[in-house]
file work-v5.cif (mmCIF, C-alpha atoms)
data_protein
#
loop_
_atom_site.label_atom_id
_atom_site.label_comp_id
_atom_site.auth_asym_id
_atom_site.auth_seq_id
_atom_site.Cartn_x
_atom_site.Cartn_y
_atom_site.Cartn_z
CA MET A 7 -92.04 -234.55 9.16
CA SER A 8 -88.45 -233.91 8.17
CA SER A 9 -86.00 -235.05 5.55
CA GLN A 10 -82.24 -235.47 5.55
CA VAL A 11 -81.90 -232.15 3.69
CA GLU A 12 -84.03 -230.35 6.29
CA ILE A 13 -81.98 -231.83 9.14
CA CYS A 14 -78.76 -230.74 7.41
CA ASN A 15 -80.13 -227.23 6.95
CA MET A 16 -81.17 -227.11 10.61
CA ALA A 17 -77.60 -228.08 11.56
CA LEU A 18 -76.23 -225.26 9.40
CA TRP A 19 -78.56 -222.75 11.03
CA HIS A 20 -77.37 -223.91 14.47
CA LEU A 21 -73.90 -222.90 13.28
CA GLY A 22 -75.05 -219.51 12.07
CA VAL A 23 -74.77 -220.48 8.40
CA SER A 24 -77.76 -219.15 6.48
CA LYS A 25 -76.79 -220.88 3.22
CA THR A 26 -79.09 -223.85 2.59
CA ILE A 27 -78.52 -227.13 0.81
CA ALA A 28 -80.96 -228.28 -1.85
CA ASN A 29 -79.42 -231.71 -2.53
CA VAL A 30 -77.03 -233.27 0.00
CA GLU A 31 -75.98 -236.04 -2.36
CA THR A 32 -74.87 -233.93 -5.32
CA GLU A 33 -73.91 -230.46 -4.12
CA MET A 34 -70.20 -229.78 -3.78
CA SER A 35 -70.29 -226.89 -1.28
CA ILE A 36 -68.30 -227.23 1.95
CA GLU A 37 -71.60 -227.38 3.83
CA ALA A 38 -73.00 -230.23 1.71
CA ILE A 39 -69.73 -232.18 1.80
CA GLY A 40 -69.61 -231.86 5.60
CA CYS A 41 -73.21 -232.97 5.98
CA ARG A 42 -72.68 -235.88 3.58
CA MET A 43 -69.51 -236.92 5.45
CA PHE A 44 -70.99 -236.85 8.97
CA TYR A 45 -74.76 -237.40 8.63
CA ASP A 46 -74.67 -241.21 8.94
CA ASN A 47 -72.39 -241.04 11.97
CA ALA A 48 -74.56 -238.40 13.66
CA LEU A 49 -77.65 -240.52 12.99
CA LYS A 50 -76.10 -243.71 14.38
CA VAL A 51 -74.80 -241.97 17.51
CA THR A 52 -78.23 -240.44 18.14
CA LEU A 53 -80.05 -243.74 17.54
CA LYS A 54 -77.63 -245.63 19.80
CA SER A 55 -78.25 -243.25 22.69
CA PHE A 56 -81.64 -244.77 23.64
CA GLN A 57 -84.15 -247.54 22.90
CA TRP A 58 -86.29 -245.33 20.65
CA PRO A 59 -89.78 -246.80 20.22
CA PHE A 60 -89.78 -245.90 16.51
CA ALA A 61 -86.52 -247.80 15.96
CA THR A 62 -86.71 -250.76 18.38
CA ILE A 63 -87.60 -254.07 16.75
CA GLU A 64 -87.44 -257.81 17.41
CA SER A 65 -86.10 -260.19 14.81
CA GLU A 66 -85.20 -263.86 14.58
CA LEU A 67 -81.47 -264.31 14.19
CA SER A 68 -79.82 -266.28 11.38
CA LEU A 69 -77.87 -269.23 12.73
CA VAL A 70 -74.23 -269.30 11.67
CA GLY A 71 -73.11 -272.35 13.63
CA GLU A 72 -73.40 -274.59 16.65
CA ASP A 73 -70.63 -274.84 19.24
CA PRO A 74 -68.68 -271.96 17.68
CA ASN A 75 -66.22 -271.88 20.59
CA ASP A 76 -65.66 -273.26 24.08
CA GLU A 77 -67.89 -270.66 25.69
CA TRP A 78 -71.14 -270.56 23.67
CA ALA A 79 -73.55 -273.09 22.15
CA PHE A 80 -74.65 -271.02 19.13
CA SER A 81 -73.47 -268.20 16.91
CA TYR A 82 -75.84 -265.98 14.93
CA GLN A 83 -75.31 -263.34 12.26
CA TYR A 84 -75.42 -259.82 13.67
CA PRO A 85 -78.33 -258.06 11.89
CA SER A 86 -77.07 -255.65 9.23
CA ASP A 87 -79.47 -252.91 10.40
CA CYS A 88 -78.61 -253.29 14.12
CA ILE A 89 -77.32 -250.16 15.83
CA ASP A 90 -77.54 -251.47 19.39
CA ALA A 91 -78.26 -255.04 20.51
CA ILE A 92 -80.51 -254.79 23.57
CA GLN A 93 -81.38 -258.33 24.62
CA ILE A 94 -82.01 -261.87 23.49
CA GLN A 95 -85.74 -262.39 23.95
CA ASN A 96 -87.13 -265.15 26.13
CA GLU A 97 -90.67 -266.25 26.91
CA MET A 98 -91.17 -263.55 29.54
CA ARG A 99 -92.43 -260.10 28.58
CA ASN A 100 -90.83 -258.44 31.59
CA GLN A 101 -87.35 -259.89 31.98
CA THR A 102 -85.58 -259.81 35.32
CA ARG A 103 -81.87 -259.88 35.99
CA GLN A 104 -82.12 -263.63 36.61
CA SER A 105 -84.19 -264.40 33.49
CA ARG A 106 -82.07 -262.48 30.98
CA ILE A 107 -80.38 -264.56 28.32
CA PRO A 108 -76.60 -263.99 28.27
CA PHE A 109 -75.04 -263.07 24.92
CA GLU A 110 -71.85 -261.59 23.55
CA ILE A 111 -70.93 -259.78 20.35
CA GLY A 112 -67.91 -261.11 18.49
CA LYS A 113 -66.40 -261.53 15.07
CA GLY A 114 -66.19 -264.50 12.77
CA ASP A 115 -65.50 -265.34 9.13
CA SER A 116 -68.97 -264.06 8.18
CA GLY A 117 -68.61 -260.72 10.03
CA ARG A 118 -70.06 -259.64 13.35
CA LEU A 119 -71.67 -262.43 15.34
CA ILE A 120 -73.90 -262.83 18.37
CA PHE A 121 -72.93 -265.69 20.65
CA THR A 122 -75.49 -267.17 23.05
CA ASP A 123 -76.63 -270.50 24.47
CA LEU A 124 -80.24 -270.10 23.28
CA GLU A 125 -81.39 -272.06 20.24
CA ASP A 126 -83.63 -270.20 17.73
CA ALA A 127 -82.66 -266.87 19.26
CA LYS A 128 -84.62 -263.70 18.71
CA LEU A 129 -82.95 -260.31 19.25
CA LYS A 130 -84.50 -257.06 20.43
CA TYR A 131 -82.46 -254.18 19.05
CA VAL A 132 -82.37 -250.57 17.90
CA SER A 133 -82.41 -250.64 14.12
CA LEU A 134 -81.02 -248.18 11.62
CA VAL A 135 -84.03 -246.09 10.60
CA ASP A 136 -82.73 -243.80 7.90
CA ASP A 137 -86.09 -242.42 6.76
CA ALA A 138 -86.42 -239.11 8.61
CA GLU A 139 -90.21 -239.18 8.22
CA PHE A 140 -90.33 -241.62 11.14
CA TYR A 141 -88.41 -239.36 13.54
CA PRO A 142 -90.27 -237.54 16.29
CA GLU A 143 -89.64 -233.78 16.27
CA ASP A 144 -87.51 -233.82 19.42
CA PHE A 145 -85.32 -236.62 18.01
CA THR A 146 -84.92 -234.59 14.79
CA LEU A 147 -83.82 -231.54 16.74
CA ALA A 148 -81.30 -233.56 18.77
CA LEU A 149 -79.94 -235.15 15.57
CA SER A 150 -79.52 -231.71 13.98
CA TYR A 151 -77.46 -230.55 16.97
CA LYS A 152 -75.28 -233.68 16.82
CA LEU A 153 -74.69 -233.07 13.10
CA ALA A 154 -73.90 -229.39 13.76
CA GLU A 155 -71.40 -230.45 16.43
CA LEU A 156 -69.62 -232.77 13.99
CA ILE A 157 -69.47 -230.37 11.03
CA ALA A 158 -68.69 -227.20 13.01
CA PRO A 159 -64.89 -227.15 12.55
CA GLY A 160 -65.10 -227.54 8.76
CA VAL A 161 -68.02 -225.22 8.18
CA THR A 162 -66.98 -222.43 10.56
CA ALA A 163 -63.33 -222.15 9.46
CA GLY A 164 -61.85 -223.93 12.46
CA ASP A 165 -64.59 -223.07 14.97
CA PRO A 166 -62.91 -220.05 16.62
CA PHE A 167 -65.97 -219.36 18.82
CA ASP A 168 -66.42 -222.98 20.05
CA ILE A 169 -69.79 -223.41 18.39
CA LYS A 170 -69.07 -227.14 18.42
CA GLY A 171 -69.03 -227.10 22.24
CA LYS A 172 -72.28 -225.16 22.37
CA CYS A 173 -73.93 -227.58 19.95
CA SER A 174 -72.67 -230.49 22.05
CA LYS A 175 -74.36 -229.05 25.14
CA LEU A 176 -77.56 -228.35 23.21
CA PHE A 177 -77.49 -231.91 21.86
CA MET A 178 -77.29 -233.25 25.43
CA GLN A 179 -80.24 -231.08 26.48
CA GLU A 180 -82.36 -232.05 23.48
CA ILE A 181 -81.53 -235.74 23.65
CA SER A 182 -82.55 -235.76 27.33
CA THR A 183 -85.90 -234.21 26.44
CA ALA A 184 -86.40 -236.64 23.54
CA LYS A 185 -85.57 -239.64 25.75
CA ALA A 186 -88.02 -238.50 28.44
CA ASN A 187 -90.77 -237.96 25.89
CA ALA A 188 -90.15 -241.37 24.31
CA ALA A 189 -90.15 -243.08 27.72
CA ASN A 190 -93.45 -241.39 28.58
CA GLU A 191 -95.15 -242.92 25.53
CA CYS A 192 -95.46 -246.32 27.16
CA GLN A 193 -96.48 -247.89 30.43
CA PRO A 194 -94.08 -250.74 31.23
CA ASP A 195 -94.79 -253.56 33.66
CA ASP A 196 -93.75 -253.02 37.28
#

call {"tool": "encode", "arguments": {"input": "work-v5.cif", "output": "structure tokens"}}
result
Amino acid sequence: MSSQVEICNMALWHLGVSKTIANVETEMSIEAIGCRMFYDNALKVTLKSFQWPFATIESELSLVGEDPNDEWAFSYQYPSDCIDAIQIQNEMRNQTRQSRIPFEIGKGDSGRLIFTDLEDAKLKYVSLVDDAEFYPEDFTLALSYKLAELIAPGVTAGDPFDIKGKCSKLFMQEISTAKANAANECQPDD
């Protein structure tokens, strides 16, 4: 089990910074400011990289309007916690290329919208899970490398030794391991 503070401190250690942060929200050190500035972005990038079982949900969409344009029959509000829209659900558990419901992301007066021809649409998507207690250990490690990559120039005085590049490579290695482990936790239909 990890917390945002622990993930930030892991990122600092990846950069060779032994100073730790006690409170990311209130501390004014360069390290805390960097973590505060980039943590949400690092989290969203890491979540968007895969259909993580701990973050993938299905939710009924809120109808915005019918016949919103010449192309689609319905428009729905894009869920506020959606990081990556995966698919509009249909009656089939195992969707094929032919059975998938077409949809498109767009913008309207009420913000981001999902356009589709399906009435009473339900969306499967990766949600923003910001409670680190739900993260598997390998996801946490990958997230800490992504955060280290993003804060490296500010925390290492311009990154003269390309620690950012090294953290980027380590992120790619760790995210691959995390994806494989997550994929192995289920047995999908053939």

call {"tool": "resolve_selection", "arguments": {"input": "work-v5.cif", "expression": "the PyMOL selection byres ((chain A and resi 144) around 12)", "output": "JSON, numbers by chain"}}
result
{"A": [7, 8, 13, 52, 58, 140, 141, 142, 143, 145, 146, 147, 148, 149, 150, 151, 176, 177, 178, 179, 180, 181, 182, 183, 184, 185, 186, 187, 188]}

call {"tool": "closest_residue", "arguments": {"input": "work-v5.cif", "among": "A:Phe109, A:Leu124, A:Leu21, A:Lys50", "to": "Pro159 of chain A", "atoms": "only C-alpha atoms"}}
result
A:Leu21

call {"tool": "atom_distance", "arguments": {"input": "work-v5.cif", "atom1": "atom CA of Asp126 of chain A", "atom2": "atom CA of Leu69 of chain A"}}
result
7.7 Å

call {"tool": "closest_atom_pairs", "arguments": {"input": "work-v5.cif", "of": "segment 7-88 of chain A", "to": "segment 92-96 of chain A", "cutoff": "10 Å", "atoms": "all atoms listed in the file", "output": "CSV"}}
result
residue,atom,partner,partner_atom,distance
A:Gln57,CA,A:Ile92,CA,8.1
A:Thr62,CA,A:Ile92,CA,9.0
A:Ile63,CA,A:Ile92,CA,9.9
A:Glu64,CA,A:Gln95,CA,8.2
A:Ser65,CA,A:Gln95,CA,9.4
A:Glu66,CA,A:Gln95,CA,9.5
A:Leu67,CA,A:Ile94,CA,9.6
A:Cys88,CA,A:Ile92,CA,9.8

call {"tool": "resolve_selection", "arguments": {"input": "work-v5.cif", "expression": "the PyMOL selection byres ((chain A and resi 157) around 10)", "output": "MDAnalysis selection string"}}
result
chainID A and resid 14 17:18 21 36:45 48 151:156 158:162 165 170

call {"tool": "atom_distance", "arguments": {"input": "work-v5.cif", "atom1": "atom CA of Leu53 of chain A", "atom2": "atom CA of Ser86 of chain A"}}
result
14.8 Å

call {"tool": "residues_around", "arguments": {"input": "work-v5.cif", "residues": "segment 114-118 of chain A", "least_positions_apart": "2", "cutoff": "8 Å", "atoms": "only C-alpha atoms", "output": "PyMOL selection string"}}
result
chain A and resi 83-84+111-112+120

call {"tool": "axis_aligned_box", "arguments": {"input": "work-v5.cif", "around": "segment 39-43 of chain A", "padding_each_side": "6 Å", "output": "AutoDock Vina command-line options"}}
result
--center_x -71.4 --center_y -234.4 --center_z 3.9 --size_x 15.7 --size_y 17.1 --size_z 16.2

call {"tool": "atom_distance", "arguments": {"input": "work-v5.cif", "atom1": "atom CA of Asp46 of chain A", "atom2": "atom CA of Gln10 of chain A"}}
result
10.1 Å

call {"tool": "residues_around", "arguments": {"input": "work-v5.cif", "residues": "Asp76 of chain A", "least_positions_apart": "5", "cutoff": "12 Å", "atoms": "only C-alpha atoms", "output": "number ranges by chain"}}
result
A: 81, 121-123

call {"tool": "build_atoms", "arguments": {"input": "work-v5.cif", "residues": "segment 112-123 of chain A", "atoms": "all heavy atoms", "output": "PDB file, keeping the file's coordinate frame"}}
result
ATOM      1  N   GLY A 112     -69.264-260.734  18.902  1.00  0.00           N
ATOM      2  CA  GLY A 112     -67.910-261.110  18.490  1.00  0.00           C
ATOM      3  C   GLY A 112     -67.770-261.027  16.990  1.00  0.00           C
ATOM      4  O   GLY A 112     -68.640-260.504  16.284  1.00  0.00           O
ATOM      5  N   LYS A 113     -66.691-261.575  16.499  1.00  0.00           N
ATOM      6  CA  LYS A 113     -66.400-261.530  15.070  1.00  0.00           C
ATOM      7  C   LYS A 113     -66.069-262.932  14.589  1.00  0.00           C
ATOM      8  O   LYS A 113     -65.450-263.715  15.294  1.00  0.00           O
ATOM      9  CB  LYS A 113     -65.227-260.585  14.813  1.00  0.00           C
ATOM     10  CG  LYS A 113     -64.926-260.369  13.353  1.00  0.00           C
ATOM     11  CD  LYS A 113     -63.791-259.380  13.192  1.00  0.00           C
ATOM     12  CE  LYS A 113     -63.441-259.105  11.762  1.00  0.00           C
ATOM     13  NZ  LYS A 113     -63.304-260.239  10.893  1.00  0.00           N
ATOM     14  N   GLY A 114     -66.497-263.218  13.379  1.00  0.00           N
ATOM     15  CA  GLY A 114     -66.190-264.500  12.770  1.00  0.00           C
ATOM     16  C   GLY A 114     -65.907-264.307  11.293  1.00  0.00           C
ATOM     17  O   GLY A 114     -65.820-263.169  10.793  1.00  0.00           O
ATOM     18  N   ASP A 115     -65.780-265.398  10.570  1.00  0.00           N
ATOM     19  CA  ASP A 115     -65.500-265.340   9.130  1.00  0.00           C
ATOM     20  C   ASP A 115     -66.601-264.622   8.364  1.00  0.00           C
ATOM     21  O   ASP A 115     -66.355-264.025   7.325  1.00  0.00           O
ATOM     22  CB  ASP A 115     -65.323-266.750   8.557  1.00  0.00           C
ATOM     23  CG  ASP A 115     -64.074-267.423   9.089  1.00  0.00           C
ATOM     24  OD1 ASP A 115     -63.149-266.700   9.546  1.00  0.00           O
ATOM     25  OD2 ASP A 115     -64.023-268.664   9.071  1.00  0.00           O
ATOM     26  N   SER A 116     -67.836-264.684   8.875  1.00  0.00           N
ATOM     27  CA  SER A 116     -68.970-264.060   8.180  1.00  0.00           C
ATOM     28  C   SER A 116     -69.282-262.654   8.704  1.00  0.00           C
ATOM     29  O   SER A 116     -70.336-262.105   8.413  1.00  0.00           O
ATOM     30  CB  SER A 116     -70.203-264.942   8.271  1.00  0.00           C
ATOM     31  OG  SER A 116     -70.577-265.110   9.619  1.00  0.00           O
ATOM     32  N   GLY A 117     -68.376-262.064   9.505  1.00  0.00           N
ATOM     33  CA  GLY A 117     -68.610-260.720  10.030  1.00  0.00           C
ATOM     34  C   GLY A 117     -68.924-260.736  11.513  1.00  0.00           C
ATOM     35  O   GLY A 117     -68.530-261.648  12.240  1.00  0.00           O
ATOM     36  N   ARG A 118     -69.688-259.726  11.939  1.00  0.00           N
ATOM     37  CA  ARG A 118     -70.060-259.640  13.350  1.00  0.00           C
ATOM     38  C   ARG A 118     -71.040-260.751  13.705  1.00  0.00           C
ATOM     39  O   ARG A 118     -71.950-261.058  12.929  1.00  0.00           O
ATOM     40  CB  ARG A 118     -70.705-258.285  13.652  1.00  0.00           C
ATOM     41  CG  ARG A 118     -69.699-257.141  13.596  1.00  0.00           C
ATOM     42  CD  ARG A 118     -70.353-255.822  13.868  1.00  0.00           C
ATOM     43  NE  ARG A 118     -70.436-255.628  15.315  1.00  0.00           N
ATOM     44  CZ  ARG A 118     -71.044-254.621  15.896  1.00  0.00           C
ATOM     45  NH1 ARG A 118     -71.650-253.700  15.179  1.00  0.00           N
ATOM     46  NH2 ARG A 118     -71.076-254.511  17.204  1.00  0.00           N
ATOM     47  N   LEU A 119     -70.850-261.308  14.886  1.00  0.00           N
ATOM     48  CA  LEU A 119     -71.670-262.430  15.340  1.00  0.00           C
ATOM     49  C   LEU A 119     -72.237-262.136  16.726  1.00  0.00           C
ATOM     50  O   LEU A 119     -71.689-261.334  17.480  1.00  0.00           O
ATOM     51  CB  LEU A 119     -70.852-263.712  15.406  1.00  0.00           C
ATOM     52  CG  LEU A 119     -70.230-264.218  14.108  1.00  0.00           C
ATOM     53  CD1 LEU A 119     -69.340-265.427  14.390  1.00  0.00           C
ATOM     54  CD2 LEU A 119     -71.296-264.566  13.088  1.00  0.00           C
ATOM     55  N   ILE A 120     -73.319-262.832  17.032  1.00  0.00           N
ATOM     56  CA  ILE A 120     -73.900-262.830  18.370  1.00  0.00           C
ATOM     57  C   ILE A 120     -73.785-264.254  18.893  1.00  0.00           C
ATOM     58  O   ILE A 120     -74.282-265.198  18.273  1.00  0.00           O
ATOM     59  CB  ILE A 120     -75.375-262.379  18.347  1.00  0.00           C
ATOM     60  CG1 ILE A 120     -75.461-260.943  17.843  1.00  0.00           C
ATOM     61  CG2 ILE A 120     -76.002-262.527  19.728  1.00  0.00           C
ATOM     62  CD1 ILE A 120     -76.870-260.444  17.652  1.00  0.00           C
ATOM     63  N   PHE A 121     -73.091-264.396  20.015  1.00  0.00           N
ATOM     64  CA  PHE A 121     -72.930-265.690  20.650  1.00  0.00           C
ATOM     65  C   PHE A 121     -73.898-265.792  21.823  1.00  0.00           C
ATOM     66  O   PHE A 121     -74.024-264.861  22.617  1.00  0.00           O
ATOM     67  CB  PHE A 121     -71.494-265.866  21.174  1.00  0.00           C
ATOM     68  CG  PHE A 121     -70.444-265.827  20.104  1.00  0.00           C
ATOM     69  CD1 PHE A 121     -69.637-264.712  19.947  1.00  0.00           C
ATOM     70  CD2 PHE A 121     -70.269-266.900  19.247  1.00  0.00           C
ATOM     71  CE1 PHE A 121     -68.663-264.659  18.974  1.00  0.00           C
ATOM     72  CE2 PHE A 121     -69.299-266.871  18.262  1.00  0.00           C
ATOM     73  CZ  PHE A 121     -68.492-265.745  18.117  1.00  0.00           C
ATOM     74  N   THR A 122     -74.573-266.926  21.938  1.00  0.00           N
ATOM     75  CA  THR A 122     -75.490-267.170  23.050  1.00  0.00           C
ATOM     76  C   THR A 122     -75.689-268.675  23.192  1.00  0.00           C
ATOM     77  O   THR A 122     -75.277-269.449  22.311  1.00  0.00           O
ATOM     78  CB  THR A 122     -76.851-266.459  22.831  1.00  0.00           C
ATOM     79  OG1 THR A 122     -77.651-266.593  24.002  1.00  0.00           O
ATOM     80  CG2 THR A 122     -77.589-266.997  21.625  1.00  0.00           C
ATOM     81  N   ASP A 123     -76.333-269.077  24.263  1.00  0.00           N
ATOM     82  CA  ASP A 123     -76.630-270.500  24.470  1.00  0.00           C
ATOM     83  C   ASP A 123     -78.060-270.847  24.084  1.00  0.00           C
ATOM     84  O   ASP A 123     -78.468-271.995  24.212  1.00  0.00           O
ATOM     85  CB  ASP A 123     -76.380-270.882  25.933  1.00  0.00           C
ATOM     86  CG  ASP A 123     -74.901-270.847  26.281  1.00  0.00           C
ATOM     87  OD1 ASP A 123     -74.072-271.097  25.392  1.00  0.00           O
ATOM     88  OD2 ASP A 123     -74.575-270.546  27.453  1.00  0.00           O
TER      89      ASP A 123
END
